[in-house]
Structures are given as structure tokens and as C-alpha cells.
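Participant: This one is entry-v4.cif, mmCIF, C-alpha atoms.
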data_run
loop_
_atom_site.label_atom_id
_atom_site.label_comp_id
_atom_site.auth_asym_id
_atom_site.auth_seq_id
_atom_site.Cartn_x
_atom_site.Cartn_y
_atom_site.Cartn_z
CA MET M 26 126.26 28.87 103.70
CA ASP M 27 126.92 28.47 107.45
CA PHE M 28 130.54 28.98 108.43
CA ILE M 29 129.75 28.53 112.11
CA ARG M 30 127.10 26.13 113.35
CA ILE M 31 126.48 25.70 117.07
CA LYS M 32 123.91 23.14 118.20
CA ASN M 33 122.78 22.60 121.77
CA ALA M 34 126.12 23.73 123.15
CA ARG M 35 126.62 23.63 126.89
CA LYS M 36 129.64 24.55 128.99
CA GLN M 37 129.93 23.71 132.66
CA TYR M 38 133.18 24.47 134.46
CA LYS M 39 134.73 22.19 137.07
CA ASN M 40 133.56 24.52 139.85
CA GLY M 41 129.96 23.78 138.84
CA VAL M 42 129.26 27.08 137.09
CA THR M 43 127.30 26.64 133.86
CA ALA M 44 128.40 29.44 131.51
CA ILE M 45 126.60 28.33 128.35
CA GLN M 46 123.24 26.56 128.33
CA ASP M 47 121.71 24.91 125.27
CA VAL M 48 122.94 27.50 122.74
CA SER M 49 122.14 26.92 119.08
CA LEU M 50 123.37 29.49 116.55
CA SER M 51 124.33 29.64 112.89
CA ILE M 52 126.55 32.30 111.33
CA GLU M 53 126.96 32.53 107.59
CA LYS M 54 130.25 33.01 105.79
CA GLY M 55 130.97 36.75 105.50
CA GLU M 56 128.60 37.85 108.28
CA PHE M 57 129.49 40.43 110.95
CA VAL M 58 127.85 39.46 114.24
CA PHE M 59 127.97 41.19 117.62
CA ILE M 60 127.63 39.05 120.77
CA ILE M 61 126.29 41.22 123.58
CA GLY M 62 124.98 40.85 127.13
CA THR M 63 125.75 41.76 130.71
CA THR M 64 128.96 40.72 132.49
CA GLY M 65 128.90 37.00 133.25
CA CYS M 66 126.29 36.12 130.62
CA GLY M 67 128.65 33.73 128.79
CA LYS M 68 129.93 35.90 125.91
CA SER M 69 133.63 35.20 126.40
CA THR M 70 133.06 31.50 127.02
CA LEU M 71 131.08 31.23 123.80
CA ILE M 72 133.79 32.75 121.62
CA LYS M 73 136.56 30.85 123.43
CA MET M 74 134.82 27.65 122.36
CA LEU M 75 134.96 28.82 118.73
CA TYR M 76 138.77 28.80 118.73
CA ARG M 77 139.02 25.86 121.18
CA GLU M 78 140.38 27.79 124.14
CA GLU M 79 137.52 26.01 125.92
CA LYS M 80 135.76 22.76 125.00
CA PRO M 81 131.97 22.44 125.23
CA THR M 82 130.71 20.02 127.87
CA SER M 83 128.12 18.82 125.37
CA GLY M 84 126.69 19.78 121.99
CA ASN M 85 128.29 20.52 118.64
CA ILE M 86 130.37 23.46 117.43
CA ILE M 87 131.34 23.40 113.76
CA VAL M 88 133.74 26.08 112.51
CA GLY M 89 134.73 26.03 108.85
CA GLY M 90 133.80 22.38 108.59
CA ILE M 91 135.77 21.37 111.70
CA ASP M 92 133.92 19.87 114.67
CA VAL M 93 135.62 21.80 117.47
CA ALA M 94 134.18 19.63 120.25
CA LYS M 95 135.72 16.47 118.76
CA LEU M 96 139.03 18.02 117.73
CA ARG M 97 142.13 16.40 119.24
CA ASN M 98 144.52 18.72 121.05
CA SER M 99 147.24 17.82 118.53
CA LYS M 100 145.03 19.08 115.69
CA VAL M 101 143.93 22.41 117.22
CA TYR M 102 146.52 24.25 115.11
CA LYS M 103 144.53 23.31 111.97
CA LEU M 104 141.51 25.14 113.35
CA ARG M 105 143.52 28.16 114.48
CA ARG M 106 145.01 28.63 111.03
CA LYS M 107 141.50 29.54 109.92
CA ILE M 108 140.94 31.99 112.77
CA GLY M 109 142.36 35.35 113.86
CA VAL M 110 141.73 36.62 117.40
CA VAL M 111 141.90 40.23 118.65
CA PHE M 112 141.84 40.95 122.38
CA GLN M 113 141.18 44.04 124.46
CA ASP M 114 144.78 44.30 125.69
CA TYR M 115 146.63 44.06 122.33
CA LYS M 116 149.19 41.43 123.48
CA LEU M 117 151.99 42.96 121.39
CA LEU M 118 155.71 42.28 121.76
CA ASN M 119 157.09 45.61 122.98
CA LYS M 120 160.69 44.85 122.00
CA GLU M 121 159.68 44.11 118.40
CA THR M 122 158.76 46.67 115.75
CA VAL M 123 155.28 46.95 114.25
CA TYR M 124 156.53 45.04 111.20
CA GLU M 125 158.11 42.32 113.34
CA ASN M 126 154.97 41.92 115.48
CA VAL M 127 152.86 41.24 112.40
CA ALA M 128 155.52 39.14 110.66
CA PHE M 129 155.78 36.86 113.71
CA ALA M 130 152.33 35.43 112.97
CA LEU M 131 153.68 34.16 109.63
CA GLU M 132 157.13 33.14 110.83
CA ILE M 133 155.73 30.59 113.28
CA PHE M 134 154.22 28.78 110.26
CA GLY M 135 157.54 28.85 108.40
CA ALA M 136 156.48 31.20 105.60
CA PRO M 137 159.30 32.36 103.26
CA LYS M 138 160.64 35.89 103.78
CA SER M 139 159.37 37.17 100.43
CA GLU M 140 155.83 36.05 101.26
CA ILE M 141 156.07 37.50 104.77
CA HIS M 142 157.17 40.90 103.46
CA GLU M 143 154.41 41.06 100.85
CA LYS M 144 151.66 40.10 103.28
CA VAL M 145 152.85 42.29 106.16
CA VAL M 146 153.09 45.40 103.99
CA LYS M 147 149.63 44.68 102.57
CA VAL M 148 147.89 44.34 105.95
CA LEU M 149 149.69 47.31 107.48
CA ASP M 150 148.45 49.36 104.56
CA LEU M 151 144.93 48.03 105.15
CA VAL M 152 144.94 49.14 108.80
CA GLY M 153 146.61 52.47 107.98
CA LEU M 154 149.98 51.83 109.62
CA LYS M 155 152.33 51.16 106.71
CA HIS M 156 154.22 54.35 107.58
CA LYS M 157 154.86 53.16 111.14
CA ALA M 158 156.28 49.74 110.32
CA LYS M 159 159.64 50.49 111.98
CA GLN M 160 158.22 51.94 115.18
CA PHE M 161 157.76 50.03 118.44
CA PRO M 162 154.40 49.50 120.20
CA THR M 163 155.39 51.86 123.02
CA GLN M 164 155.67 54.67 120.46
CA LEU M 165 152.08 54.19 119.34
CA SER M 166 148.72 55.31 120.69
CA GLY M 167 146.25 52.74 122.04
CA GLY M 168 144.26 52.84 118.82
CA GLU M 169 147.39 52.30 116.73
CA GLN M 170 148.43 49.38 118.92
CA GLN M 171 145.04 47.79 118.38
CA ARG M 172 145.45 48.26 114.62
CA VAL M 173 148.74 46.37 114.85
CA ALA M 174 146.96 43.60 116.76
CA ILE M 175 144.29 43.44 114.05
CA ALA M 176 146.94 43.34 111.30
CA ARG M 177 148.68 40.48 113.10
CA ALA M 178 145.37 38.61 113.43
CA ILE M 179 144.51 38.85 109.73
CA VAL M 180 147.93 38.52 108.07
CA ASN M 181 147.39 34.77 107.62
CA GLY M 182 144.17 35.46 105.73
CA PRO M 183 141.85 33.82 108.28
CA LYS M 184 138.29 32.99 107.28
CA LEU M 185 137.07 34.05 110.74
CA LEU M 186 138.11 37.00 112.92
CA ILE M 187 137.07 36.83 116.58
CA CYS M 188 137.21 40.10 118.50
CA ASP M 189 136.93 40.06 122.29
CA GLU M 190 136.18 43.61 123.47
CA PRO M 191 138.67 45.14 120.97
CA THR M 192 137.61 48.72 121.79
CA GLY M 193 137.37 48.23 125.57
CA ASN M 194 140.46 50.36 126.32
CA LEU M 195 139.79 53.05 123.71
CA ASP M 196 137.92 56.35 123.63
CA GLU M 197 134.78 56.83 121.52
CA ILE M 198 136.44 58.35 118.45
CA THR M 199 139.27 55.81 118.37
CA SER M 200 136.77 52.99 118.90
CA MET M 201 134.83 53.99 115.80
CA GLU M 202 138.08 54.19 113.80
CA ILE M 203 138.79 50.60 114.82
CA MET M 204 135.26 49.60 113.84
CA LYS M 205 135.77 51.13 110.38
CA VAL M 206 138.89 48.99 109.96
CA LEU M 207 136.96 45.88 111.01
CA ASP M 208 134.14 46.79 108.64
CA GLU M 209 136.60 47.01 105.74
CA ILE M 210 138.03 43.60 106.65
CA ASN M 211 134.52 42.19 106.72
CA LYS M 212 133.76 43.65 103.29
CA LEU M 213 136.76 41.72 101.95
CA GLY M 214 134.96 38.50 102.92
CA THR M 215 136.16 37.71 106.45
CA THR M 216 133.50 36.53 108.88
CA ILE M 217 133.65 38.59 112.08
CA VAL M 218 132.27 37.69 115.51
CA MET M 219 132.74 40.44 118.09
CA VAL M 220 131.98 40.60 121.80
CA THR M 221 131.37 44.08 123.17
CA HIS M 222 129.81 46.03 126.03
CA ASP M 223 129.67 49.20 123.94
CA ASN M 224 126.04 49.81 123.08
CA ASP M 225 126.85 52.88 120.96
CA ILE M 226 129.10 50.85 118.68
CA VAL M 227 126.45 48.16 118.28
CA ARG M 228 123.79 50.73 117.48
CA LYS M 229 125.93 52.67 114.99
CA MET M 230 127.26 49.64 113.11
CA GLN M 231 123.80 48.13 112.50
CA LYS M 232 124.98 44.54 112.10
CA ARG M 233 123.38 41.32 113.28
CA VAL M 234 123.24 41.22 117.10
CA VAL M 235 122.97 38.15 119.34
CA LEU M 236 121.96 38.88 122.95
CA LEU M 237 122.96 36.42 125.68
CA ASP M 238 121.53 36.21 129.17
CA SER M 239 122.53 33.62 131.77
CA GLY M 240 124.28 31.55 129.11
CA ARG M 241 121.33 31.46 126.72
CA VAL M 242 120.51 33.25 123.46
CA VAL M 243 117.49 35.37 124.31
CA LYS M 244 117.34 37.54 121.18
CA ASP M 245 118.83 37.41 117.70
CA TYR M 246 118.45 40.72 115.86
CA GLU M 247 118.70 40.69 112.09
CA LYS M 248 121.14 43.10 110.47
CA GLY M 249 119.89 46.67 110.90
CA SER M 250 117.11 45.82 113.36
CA TYR M 251 118.91 46.48 116.68
CA ASN M 252 117.69 49.71 118.24
CA ASN M 253 119.70 50.89 121.21
CA GLU M 254 118.52 48.46 123.86
CA SER M 255 120.51 48.39 127.08
CA ILE M 256 123.09 45.64 127.58
#
How does this structure look as C-alpha cells?
Facilitator:
Amino acid sequence: MDFIRIKNARKQYKNGVTAIQDVSLSIEKGEFVFIIGTTGCGKSTLIKMLYREEKPTSGNIIVGGIDVAKLRNSKVYKLRRKIGVVFQDYKLLNKETVYENVAFALEIFGAPKSEIHEKVVKVLDLVGLKHKAKQFPTQLSGGEQQRVAIARAIVNGPKLLICDEPTGNLDEITSMEIMKVLDEINKLGTTIVMVTHDNDIVRKMQKRVVLLDSGRVVKDYEKGSYNNESI
């Protein structure tokens, strides 16, 4: 069953630049898909349209049954409740503890304290940081900070996790540790769409790979068929 369905999507910015051209793509519930391509090929624009940071100029983008292109601004929160997003630069609150950073994602939806505690402890355990719940982001390594960011993104139990260069600031060993965490999350049923420049990660993970060039899908590799092509 398709969780994401993109049909003839096009995105042209006000400055005349066309970032996405006639992209059609389907992603099934529970898939792990890498979006790859050179700088400026449209990767970030494509995923921003999935969580309605950007609106397509034309075409259809359906995420979890919601037509993103037709979604009113006042209803965007309904879409984002289904989606977690992880960025390259963590975006943590440095004056809040690890626990408080993750809990914040639930507090903004008015969840009761008992539910918040249960869910935060569970996701911190999943990402291997339960023992650092009382520490602050500045006391953590880059890899640990990214784990906190992942925990925060999944604490609401999103159906889709979007990762925009989540290992971009990390060394090779730490990057693979993060990928193992994401793989575990995927095995629990969360659909993952990840943008990356890291060819080694793509090759080692052996997931489905979608290659963009000049805003178009030029190749769509089935799971396990990608073989170390340059990006």
C-alpha cells in the first residue's frame, strides 16, 4: 500500500528556478528510501514538499491519505502530526535537558505528563540515551545530539520519518551508528525517506535508492540493487 504518492509534481520558485520537474514516485508504507543526487538536483525541495514546508506549483502529493498540495495552511498541523523530521544540524534547545528536548515535542500537543514520561523514556531507550536523560546537549557528542534529535522526531509515533542529511556533520563510524538506529526504527514499521550525499552509507545500507538529476527522477533502484555509483 502506497503511503506516499507523488504524481507529476513540479516546483518553480518565484525567482524562476524550477527545482522539481514532472516527478512521479510511490513509496509504500514501511519502506526505507534514499533520495540521492548532486547538489542542486532538487532533493531538499522534494522532501520539503512532503511535510509542506514548500507547496508544489502543480501536480499531486499524497502523504498518508492527505493531499499536501490542496492542504490549507490552517490544517498543516494535521499532516505534521504524522511526520517526524530530522535535520543535519540537530536543532536542539541547549538550555533544556535531553529529556526536556524530547518531551517538548509532546508538550506542544498537550499530552498528559504520565504519557509524556512513558513515551520519552521509551524512545530514549530506543536510541541508546536513556542514561543521559538529565544531561544537556552541550555535554553530548555530535552523534549523541543527533540521537536526541531522532528521539524527538519519533516520540509522537509518526508514520513517516524524513531525514535531511542526518549524518552530514558526523564521522564515518558515528554515521553508521545513526544509520543502525534509523534501521531499527524502520523495522518497527516507520516509513523513512532520507536525503544524503554519503555514497558509502547508501551502498552499505542496501535500501531502495531514488536518483535525482536536474529536478527529475532518472533512476529508481530496487532494494539491494544499488552498487556504488557516484552521486
Participant: Could you check which of M:Lys138, M:Arg228, M:His222, M:Arg77 is closest to Asp189 (chain M), using all atoms listed in the file?
Facilitator: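 Among the listed residues, M:His222 lies closest to Asp189 (chain M).
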Participant: Using only the atoms of region 94-113 of chain M listed in the file, plus 6 Å on each side, state the axis-aligned box centre and edge lengths in Å rounded to one decimal, as AutoDock Vina command-line options.
Facilitator:
--center_x 140.7 --center_y 30.2 --center_z 117.2 --size_x 25.1 --size_y 39.6 --size_z 26.5
Participant: Between M:Lys80, M:Arg97, M:Lys103, M:Lys116, which residue has the minimum interatomic distance to Tyr38 (chain M), considering all atoms listed in the file?
Facilitator: M:Lys80
Participant: Identify, on the basis of all atoms listed in the file, every residue whose closest approach to Lys232 (chain M) does not exceed 9 Å; exclude the query and any residue fewer than 3 positions from it along the same chain; express the result as a PyMOL selection string.
Facilitator: chain M and resi 56-59+227-229+246-251
Participant: Convert the current residue selection to file output with C-alpha atoms, as a short mmCIF file (atom, residue, chain, number, x, y, z; two decimals), keeping the file's coordinate frame.
Facilitator:
data_model
loop_
_atom_site.label_atom_id
_atom_site.label_comp_id
_atom_site.auth_asym_id
_atom_site.auth_seq_id
_atom_site.Cartn_x
_atom_site.Cartn_y
_atom_site.Cartn_z
CA GLU M 56 128.60 37.85 108.28
CA PHE M 57 129.49 40.43 110.95
CA VAL M 58 127.85 39.46 114.24
CA PHE M 59 127.97 41.19 117.62
CA VAL M 227 126.45 48.16 118.28
CA ARG M 228 123.79 50.73 117.48
CA LYS M 229 125.93 52.67 114.99
CA TYR M 246 118.45 40.72 115.86
CA GLU M 247 118.70 40.69 112.09
CA LYS M 248 121.14 43.10 110.47
CA GLY M 249 119.89 46.67 110.90
CA SER M 250 117.11 45.82 113.36
CA TYR M 251 118.91 46.48 116.68
#
Participant: Considering all atoms listed in the file, state which residue in the set M:Lys120, M:His156, M:Arg105, M:Lys32 is at the smallest distance from Gly182 (chain M).
Facilitator: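 The answer is M:Arg105, which sits nearest to Gly182 (chain M).
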Participant: I'd like the residues picked by the PyMOL selection byres ((chain M and resi 124) around 10) written out as a list in words, using the chain letters and numbers from the file.
Facilitator: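 Here the PyMOL selection byres ((chain M and resi 124) around 10) matches Glu121, Thr122, Val123, Glu125, Asn126, Val127, Ala128, Phe129, Ile141, His142, Val145, Val146, Leu149, Leu154, Lys155, Lys157, Ala158, Lys159, Gln160, Phe161, Val173, Ala176 and Arg177 of chain M.
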Participant: Which residue, M:Ser99, M:Val206, M:Ser139, M:Cys188, has the smallest gap to Lys73 (chain M) when you use all atoms listed in the file?
Facilitator: M:Cys188
Participant: Compile the contact shell of Val101 (chain M) as JSON, numbers by chain: residues with an atom at most 10 Å away, counting only C-alpha atoms, same-chain residues fewer than 5 positions apart removed.
Facilitator: {"M": [76, 77, 78, 91, 93, 96, 106]}
Participant: Could you give me, as CSV, every region 64-120 of chain M residue with an atom at most 9 Å from region 237-243 of chain M, plus its closest atom pair and distance in Å to one decimal, counting only C-alpha atoms, rows ordered by chain then number?
Facilitator:
residue,atom,partner,partner_atom,distance
M:Gly65,CA,M:Ser239,CA,7.4
M:Cys66,CA,M:Ser239,CA,4.7
M:Gly67,CA,M:Gly240,CA,4.9
M:Lys68,CA,M:Leu237,CA,7.0
M:Leu71,CA,M:Gly240,CA,8.6
Participant: Any idea what's packed within 12 Å of Lys184 (chain M), counting all atoms listed in the file, ignoring anything in its chain fewer than 3 positions away? Could you give it as a PDB file with C-alpha atoms, in the frame of the given file?
Facilitator:
ATOM      1  CA  PHE M  28     130.540  28.980 108.430  1.00  0.00           C
ATOM      2  CA  ILE M  29     129.750  28.530 112.110  1.00  0.00           C
ATOM      3  CA  GLU M  53     126.960  32.530 107.590  1.00  0.00           C
ATOM      4  CA  LYS M  54     130.250  33.010 105.790  1.00  0.00           C
ATOM      5  CA  GLY M  55     130.970  36.750 105.500  1.00  0.00           C
ATOM      6  CA  GLU M  56     128.600  37.850 108.280  1.00  0.00           C
ATOM      7  CA  VAL M  88     133.740  26.080 112.510  1.00  0.00           C
ATOM      8  CA  GLY M  89     134.730  26.030 108.850  1.00  0.00           C
ATOM      9  CA  GLY M  90     133.800  22.380 108.590  1.00  0.00           C
ATOM     10  CA  LEU M 104     141.510  25.140 113.350  1.00  0.00           C
ATOM     11  CA  ARG M 105     143.520  28.160 114.480  1.00  0.00           C
ATOM     12  CA  ARG M 106     145.010  28.630 111.030  1.00  0.00           C
ATOM     13  CA  LYS M 107     141.500  29.540 109.920  1.00  0.00           C
ATOM     14  CA  ILE M 108     140.940  31.990 112.770  1.00  0.00           C
ATOM     15  CA  GLY M 109     142.360  35.350 113.860  1.00  0.00           C
ATOM     16  CA  VAL M 110     141.730  36.620 117.400  1.00  0.00           C
ATOM     17  CA  ALA M 178     145.370  38.610 113.430  1.00  0.00           C
ATOM     18  CA  ILE M 179     144.510  38.850 109.730  1.00  0.00           C
ATOM     19  CA  VAL M 180     147.930  38.520 108.070  1.00  0.00           C
ATOM     20  CA  ASN M 181     147.390  34.770 107.620  1.00  0.00           C
ATOM     21  CA  ILE M 187     137.070  36.830 116.580  1.00  0.00           C
ATOM     22  CA  ILE M 210     138.030  43.600 106.650  1.00  0.00           C
ATOM     23  CA  ASN M 211     134.520  42.190 106.720  1.00  0.00           C
ATOM     24  CA  LEU M 213     136.760  41.720 101.950  1.00  0.00           C
ATOM     25  CA  GLY M 214     134.960  38.500 102.920  1.00  0.00           C
ATOM     26  CA  THR M 215     136.160  37.710 106.450  1.00  0.00           C
ATOM     27  CA  THR M 216     133.500  36.530 108.880  1.00  0.00           C
ATOM     28  CA  ILE M 217     133.650  38.590 112.080  1.00  0.00           C
ATOM     29  CA  VAL M 218     132.270  37.690 115.510  1.00  0.00           C
TER      30      VAL M 218
END
Participant: Tell me, in Å to one decimal, how far CA of Ala136 (chain M) is from CA of Lys100 (chain M).
Facilitator: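 CA of Lys100 (chain M) lies 19.5 Å from CA of Ala136 (chain M).
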Participant: Run through the PyMOL selection byres ((chain M and resi 33) around 7) on the given coordinates and return the selected residues as number ranges by chain.
Facilitator: M: 31-32, 34-35, 47-49, 84-85
Participant: How many Å separate CA of Val220 (chain M) from CA of Thr64 (chain M)?
Facilitator: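 Value for the CA of Val220 (chain M)-CA of Thr64 (chain M) distance: 11.1 Å.
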Participant: If you count all atoms listed in the file, which residues fall within 6 Å of Val235 (chain M), apart from same-chain ones fewer than 5 positions away, as a PyMOL selection string?
Facilitator: chain M and resi 60+244-245
Participant: Find, counting all atoms listed in the file, the residue in M:Glu143, M:Thr221, M:Leu151, M:Thr199 that gets nearest to Glu169 (chain M).
Facilitator: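 Comparing M:Glu143, M:Thr221, M:Leu151, M:Thr199 against Glu169 (chain M), the winner is M:Thr199.
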Participant: M:Gln37, M:Arg172, M:Tyr115, M:Gln231: which is nearest Thr70 (chain M), counting all atoms listed in the file?
Facilitator: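 Among the listed residues, M:Gln37 lies closest to Thr70 (chain M).
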Participant: Could you state which residues are captured by the PyMOL selection byres ((chain M and resi 201) around 12) in this file, as a ChimeraX atom specification?
Facilitator: /M:168,191-193,195-200,202-208,223,225-230
Participant: Provide the CA of Pro162 (chain M) to CA of Ile61 (chain M) distance in Å, to one decimal place.
Facilitator: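 Between CA of Pro162 (chain M) and CA of Ile61 (chain M) the gap works out to 29.5 Å.
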Participant: Add whatever atoms are absent from region 226-237 of chain M to reach all heavy atoms, and provide the output as an mmCIF file, in the frame of the given file.
Facilitator:
data_model
loop_
_atom_site.group_PDB
_atom_site.id
_atom_site.type_symbol
_atom_site.label_atom_id
_atom_site.label_comp_id
_atom_site.auth_asym_id
_atom_site.auth_seq_id
_atom_site.Cartn_x
_atom_site.Cartn_y
_atom_site.Cartn_z
ATOM 1 N N ILE M 226 128.491 51.509 119.838
ATOM 2 C CA ILE M 226 129.100 50.850 118.680
ATOM 3 C C ILE M 226 128.093 49.918 118.011
ATOM 4 O O ILE M 226 127.924 49.918 116.792
ATOM 5 C CB ILE M 226 130.367 50.084 119.087
ATOM 6 C CG1 ILE M 226 131.522 51.057 119.274
ATOM 7 C CG2 ILE M 226 130.728 49.019 118.056
ATOM 8 C CD1 ILE M 226 132.803 50.414 119.762
ATOM 9 N N VAL M 227 127.423 49.121 118.812
ATOM 10 C CA VAL M 227 126.450 48.160 118.280
ATOM 11 C C VAL M 227 125.339 48.891 117.525
ATOM 12 O O VAL M 227 124.953 48.498 116.421
ATOM 13 C CB VAL M 227 125.854 47.300 119.420
ATOM 14 C CG1 VAL M 227 124.796 46.353 118.881
ATOM 15 C CG2 VAL M 227 126.965 46.521 120.122
ATOM 16 N N ARG M 228 124.869 49.963 118.113
ATOM 17 C CA ARG M 228 123.790 50.730 117.480
ATOM 18 C C ARG M 228 124.252 51.379 116.170
ATOM 19 O O ARG M 228 123.547 51.330 115.163
ATOM 20 C CB ARG M 228 123.293 51.809 118.446
ATOM 21 C CG ARG M 228 122.215 52.724 117.880
ATOM 22 C CD ARG M 228 121.731 53.712 118.936
ATOM 23 N NE ARG M 228 122.831 54.444 119.551
ATOM 24 C CZ ARG M 228 123.425 55.515 118.988
ATOM 25 N NH1 ARG M 228 123.032 55.953 117.804
ATOM 26 N NH2 ARG M 228 124.401 56.118 119.620
ATOM 27 N N LYS M 229 125.442 51.965 116.187
ATOM 28 C CA LYS M 229 125.930 52.670 114.990
ATOM 29 C C LYS M 229 126.280 51.717 113.844
ATOM 30 O O LYS M 229 126.067 52.048 112.677
ATOM 31 C CB LYS M 229 127.164 53.511 115.353
ATOM 32 C CG LYS M 229 126.843 54.733 116.193
ATOM 33 C CD LYS M 229 128.110 55.440 116.646
ATOM 34 C CE LYS M 229 127.787 56.634 117.533
ATOM 35 N NZ LYS M 229 129.025 57.270 118.083
ATOM 36 N N MET M 230 126.806 50.554 114.158
ATOM 37 C CA MET M 230 127.260 49.640 113.110
ATOM 38 C C MET M 230 126.105 48.931 112.396
ATOM 39 O O MET M 230 126.225 48.544 111.242
ATOM 40 C CB MET M 230 128.223 48.600 113.697
ATOM 41 C CG MET M 230 129.532 49.197 114.204
ATOM 42 S SD MET M 230 130.509 50.017 112.926
ATOM 43 C CE MET M 230 130.982 48.624 111.920
ATOM 44 N N GLN M 231 124.994 48.729 113.106
ATOM 45 C CA GLN M 231 123.800 48.130 112.500
ATOM 46 C C GLN M 231 124.083 46.779 111.814
ATOM 47 O O GLN M 231 123.741 46.546 110.642
ATOM 48 C CB GLN M 231 123.152 49.101 111.519
ATOM 49 C CG GLN M 231 122.436 50.270 112.184
ATOM 50 C CD GLN M 231 121.224 49.826 113.011
ATOM 51 O OE1 GLN M 231 120.225 49.333 112.472
ATOM 52 N NE2 GLN M 231 121.310 49.975 114.316
ATOM 53 N N LYS M 232 124.723 45.904 112.558
ATOM 54 C CA LYS M 232 124.980 44.540 112.100
ATOM 55 C C LYS M 232 124.011 43.588 112.795
ATOM 56 O O LYS M 232 123.148 44.009 113.574
ATOM 57 C CB LYS M 232 126.426 44.140 112.424
ATOM 58 C CG LYS M 232 127.487 45.076 111.887
ATOM 59 C CD LYS M 232 127.552 45.067 110.379
ATOM 60 C CE LYS M 232 128.713 45.896 109.861
ATOM 61 N NZ LYS M 232 128.777 45.921 108.390
ATOM 62 N N ARG M 233 124.155 42.315 112.536
ATOM 63 C CA ARG M 233 123.380 41.320 113.280
ATOM 64 C C ARG M 233 123.850 41.317 114.729
ATOM 65 O O ARG M 233 125.044 41.454 115.000
ATOM 66 C CB ARG M 233 123.577 39.941 112.653
ATOM 67 C CG ARG M 233 122.776 38.834 113.335
ATOM 68 C CD ARG M 233 123.048 37.504 112.679
ATOM 69 N NE ARG M 233 122.516 36.404 113.449
ATOM 70 C CZ ARG M 233 122.835 35.126 113.242
ATOM 71 N NH1 ARG M 233 123.690 34.802 112.279
ATOM 72 N NH2 ARG M 233 122.312 34.171 113.999
ATOM 73 N N VAL M 234 122.918 41.157 115.669
ATOM 74 C CA VAL M 234 123.240 41.220 117.100
ATOM 75 C C VAL M 234 122.612 40.024 117.816
ATOM 76 O O VAL M 234 121.405 39.787 117.714
ATOM 77 C CB VAL M 234 122.714 42.530 117.736
ATOM 78 C CG1 VAL M 234 123.055 42.565 119.216
ATOM 79 C CG2 VAL M 234 123.291 43.755 117.026
ATOM 80 N N VAL M 235 123.445 39.280 118.542
ATOM 81 C CA VAL M 235 122.970 38.150 119.340
ATOM 82 C C VAL M 235 123.104 38.523 120.806
ATOM 83 O O VAL M 235 124.202 38.837 121.279
ATOM 84 C CB VAL M 235 123.775 36.870 119.028
ATOM 85 C CG1 VAL M 235 123.364 35.743 119.971
ATOM 86 C CG2 VAL M 235 123.571 36.451 117.571
ATOM 87 N N LEU M 236 121.987 38.506 121.533
ATOM 88 C CA LEU M 236 121.960 38.880 122.950
ATOM 89 C C LEU M 236 121.930 37.629 123.817
ATOM 90 O O LEU M 236 121.051 36.777 123.670
ATOM 91 C CB LEU M 236 120.725 39.743 123.227
ATOM 92 C CG LEU M 236 120.455 40.125 124.690
ATOM 93 C CD1 LEU M 236 121.581 40.983 125.254
ATOM 94 C CD2 LEU M 236 119.119 40.862 124.813
ATOM 95 N N LEU M 237 122.914 37.532 124.727
ATOM 96 C CA LEU M 237 122.960 36.420 125.680
ATOM 97 C C LEU M 237 122.500 36.877 127.052
ATOM 98 O O LEU M 237 122.719 38.022 127.451
ATOM 99 C CB LEU M 237 124.389 35.878 125.811
ATOM 100 C CG LEU M 237 125.057 35.200 124.625
ATOM 101 C CD1 LEU M 237 126.403 34.633 125.058
ATOM 102 C CD2 LEU M 237 124.194 34.106 124.040
#
